[in-house]
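> I'd like to ask some things about the structure below.
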Amino acid sequence: MFGSDKVELSDAAKKGDKITLSMLPNNFNFSQSTLQDYADCARRFQLRYLDKLNYPAAEAEPAVENERHLQEGQYFHRLAQQYLLGIPIDKLSRLANTPELQRWWENFLNFAHKELDGFTSLYPEVTLSAPLGKFRLVAKYDLIAVTEDNKLIIFDWKTYRKRPRDEWLSARWQTRVYRALLLEAGSQFTAAKPNKPEHCEMVYWFSNFPDEPARFPYNEKQYKLDWNALLKLTEECQSASAFPLTDDRQKCAYCPYRSYCNRGTQAGDLISIEVEMEAEELFDLNFEQIGEIEF
Ligand code: SF4
């Protein structure tokens, strides 16, 4: 099993920037995206969540192709969710109306028949939240599945065109947040209270690589490391008054705030994104942005 055994410091903390003033509103909710943004680049966190700036630059080129990929990814997630809620397959299949969507959809149906039929309960599109220090931690799950012996399996659908390395996925805040939060706030899914870390697992399923899911079991040690790291990072966010630009200029190539930071105007290309796999937020699902499917 891969594990992240250290508490990551943001660039701001590594540089020892003076920390003097809280700028976060009291009702601020932390999520895997906000934490990942802060860990990747404190300035991006500031611009996105504190200053609430709109995206002034295309995140990747070609912009039209990127937009299409985003829309197909969002549509795919909605199809999967509707399927898991019991909408008949024939109604949904005709909505998979591009070659890419059709292929993902067929891969998903095969996967669902093979892997999901054996669970006792399936809970698609679940939002969980729990106190995290003075704030709250929230996460939206594509699917939480419960086994007969009360194990909780988190499924997350990814539409990447390249299969990321397991080590990379293991270190991402999504992997750490989703498992830890499920333990904190997921007692309603099983008869076992509280749930044990060993009874929790996260699975990434890739629509383009249906036979290569990435599996991340959990244990007590990793859970403690994750929760402590979450507390530490949120405390740092809360008290930070300096939000420095990242030293890793690779991250800027796919960042929409390049023009604010004088870090270039030309967006990175999609192929490079897939090689670097540092722009997963581009393709991450934001349920609020997804329209309802019309039948
Ligand atoms: S352009 Fe670079 S320095 Fe500026 S917010 Fe984005 S990642 Fe950070």
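The way I read the labels, and the way they are meant: chains A, B, ... in the order of the structure tokens, residue 1 as the first residue of every chain, and ligand 1 as the first ligand shown, with later ones counted on from there.
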Once DSSP has gone over the backbone, tell me which residues of segment 90-242 of chain A are in strand (DSSP E or B), as a PyMOL selection string.

chain A and resi 121-132+135-146+152-158+200-206+209-217

> Could you list, as a PyMOL selection string, all residues that come within 7 Å of ligand 1? Count only C-alpha atoms and all ligand atoms.

chain A and resi 41-44+47+245-246+249+251-252+255-258+260-261+263

> Could you build a table of the residues in segment 168-266 of chain A lying no more than 12 Å from segment 108-128 of chain A, giving for each the nearest pair of atoms and their separation in Å rounded to one decimal place, using only C-alpha atoms, ordered by chain and ascending residue number, as a Markdown table?


| residue | atom | partner | partner_atom | distance |
| --- | --- | --- | --- | --- |
| A:Val177 | CA | A:Leu128 | CA | 10.9 |
| A:Tyr178 | CA | A:Leu128 | CA | 9.2 |
| A:Arg179 | CA | A:Leu128 | CA | 11.2 |
| A:Ala180 | CA | A:Leu128 | CA | 11.0 |
| A:Leu181 | CA | A:Leu128 | CA | 7.3 |
| A:Leu182 | CA | A:Leu128 | CA | 7.4 |
| A:Leu183 | CA | A:Leu128 | CA | 10.3 |
| A:Glu184 | CA | A:Leu128 | CA | 9.2 |
| A:Ala185 | CA | A:Leu128 | CA | 6.4 |
| A:Gly186 | CA | A:Leu128 | CA | 7.5 |
| A:Ser187 | CA | A:Leu128 | CA | 10.7 |
| A:Gln188 | CA | A:Leu128 | CA | 10.8 |
| A:Phe189 | CA | A:Ser121 | CA | 8.6 |
| A:Thr190 | CA | A:Ser121 | CA | 9.6 |
| A:Val203 | CA | A:Glu115 | CA | 11.5 |
| A:Trp205 | CA | A:Phe108 | CA | 9.0 |
| A:Phe206 | CA | A:Phe108 | CA | 9.0 |
| A:Ser207 | CA | A:Phe108 | CA | 6.7 |
| A:Asn208 | CA | A:Phe108 | CA | 9.7 |
| A:Phe209 | CA | A:Phe108 | CA | 10.3 |
| A:Pro210 | CA | A:Phe111 | CA | 7.0 |
| A:Asp211 | CA | A:Phe111 | CA | 8.3 |
| A:Glu212 | CA | A:Phe111 | CA | 10.9 |
| A:Pro213 | CA | A:Phe111 | CA | 10.3 |

> For each of A:Tyr204, A:Trp105, A:Trp168, A:Phe28, take the minimum atom-to-atom distance to Phe76 of chain A, counting only C-alpha atoms, then give the residue where this is smallest.

A:Trp105

> Quick one: residues within 12 Å of Asn27 of chain A, only C-alpha atoms, excluding same-chain residues fewer than 6 positions away - as a PyMOL selection string?

chain A and resi 131-138+238

> I'd like the neighbourhood of Leu230 of chain A as a PDB file with N, CA and C atoms, in the first residue's frame, where a residue qualifies if any of its atoms comes within 9 Å (using only C-alpha atoms), though same-chain residues fewer than 2 positions away should be ignored.


ATOM      1  N   VAL A   7       3.739  15.282   6.876  1.00  0.00           N
ATOM      2  CA  VAL A   7       2.852  16.430   6.824  1.00  0.00           C
ATOM      3  C   VAL A   7       3.445  17.412   5.836  1.00  0.00           C
ATOM      4  N   LEU A  35      -7.494  22.482  -0.391  1.00  0.00           N
ATOM      5  CA  LEU A  35      -6.234  22.044   0.232  1.00  0.00           C
ATOM      6  C   LEU A  35      -5.158  21.801  -0.812  1.00  0.00           C
ATOM      7  N   LEU A 132     -13.362  20.392  11.360  1.00  0.00           N
ATOM      8  CA  LEU A 132     -11.904  20.261  11.218  1.00  0.00           C
ATOM      9  C   LEU A 132     -11.305  21.501  11.869  1.00  0.00           C
ATOM     10  N   ARG A 176      -6.306  11.388   0.501  1.00  0.00           N
ATOM     11  CA  ARG A 176      -6.158  11.501   1.956  1.00  0.00           C
ATOM     12  C   ARG A 176      -7.443  12.027   2.602  1.00  0.00           C
ATOM     13  N   VAL A 177      -8.056  13.031   1.965  1.00  0.00           N
ATOM     14  CA  VAL A 177      -9.269  13.624   2.537  1.00  0.00           C
ATOM     15  C   VAL A 177     -10.438  12.641   2.480  1.00  0.00           C
ATOM     16  N   LEU A 225      -1.976  10.187  10.515  1.00  0.00           N
ATOM     17  CA  LEU A 225      -1.108  11.102   9.767  1.00  0.00           C
ATOM     18  C   LEU A 225      -1.940  12.070   8.933  1.00  0.00           C
ATOM     19  N   ASP A 226      -2.960  11.530   8.278  1.00  0.00           N
ATOM     20  CA  ASP A 226      -3.787  12.370   7.410  1.00  0.00           C
ATOM     21  C   ASP A 226      -4.534  13.432   8.215  1.00  0.00           C
ATOM     22  N   TRP A 227      -5.140  13.018   9.322  1.00  0.00           N
ATOM     23  CA  TRP A 227      -5.938  13.973  10.082  1.00  0.00           C
ATOM     24  C   TRP A 227      -5.050  15.054  10.685  1.00  0.00           C
ATOM     25  N   ASN A 228      -3.898  14.663  11.196  1.00  0.00           N
ATOM     26  CA  ASN A 228      -2.972  15.660  11.740  1.00  0.00           C
ATOM     27  C   ASN A 228      -2.491  16.617  10.651  1.00  0.00           C
ATOM     28  N   LYS A 232      -3.032  20.652  10.532  1.00  0.00           N
ATOM     29  CA  LYS A 232      -1.873  21.532  10.425  1.00  0.00           C
ATOM     30  C   LYS A 232      -2.000  22.473   9.223  1.00  0.00           C
ATOM     31  N   LEU A 233      -2.427  21.916   8.114  1.00  0.00           N
ATOM     32  CA  LEU A 233      -2.536  22.738   6.909  1.00  0.00           C
ATOM     33  C   LEU A 233      -3.639  23.784   7.044  1.00  0.00           C
ATOM     34  N   THR A 234      -4.757  23.402   7.651  1.00  0.00           N
ATOM     35  CA  THR A 234      -5.838  24.391   7.795  1.00  0.00           C
ATOM     36  C   THR A 234      -5.445  25.492   8.788  1.00  0.00           C
ATOM     37  N   GLU A 235      -4.716  25.104   9.836  1.00  0.00           N
ATOM     38  CA  GLU A 235      -4.246  26.137  10.771  1.00  0.00           C
ATOM     39  C   GLU A 235      -3.318  27.115  10.050  1.00  0.00           C
TER      40      GLU A 235
END

> Would you compute the distance between atom CA of Arg172 of chain A and atom CA of Glu236 of chain A? Give it in Å to one decimal.

18.3 Å

> Between atom CA of Asn97 of chain A and atom CA of Arg161 of chain A, what distance in Å does the model show, to one decimal?

18.8 Å

> Report the residues of segment 133-212 of chain A whose backbone DSSP state falls under helix (DSSP H, G or I), written as a list of chain:residue names.

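Matching residues for helix (DSSP H, G or I) in segment 133-212 of chain A are A:Asp166, A:Glu167, A:Trp168, A:Leu169, A:Ser170, A:Ala171, A:Trp173, A:Gln174, A:Thr175, A:Arg176, A:Val177, A:Tyr178, A:Arg179, A:Ala180, A:Leu181, A:Leu182, A:Leu183, A:Glu184, A:Ala185, A:Ser187, A:Gln188, A:Phe189, A:Pro197, A:Glu198, A:His199.
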
> Which residue out of A:Pro25, A:Pro164, A:Ile144, A:Pro244 has the minimum interatomic distance to Gln81 of chain A when only C-alpha atoms are used?

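Of A:Pro25, A:Pro164, A:Ile144, A:Pro244, the one nearest Gln81 of chain A is A:Ile144, counting only C-alpha atoms.
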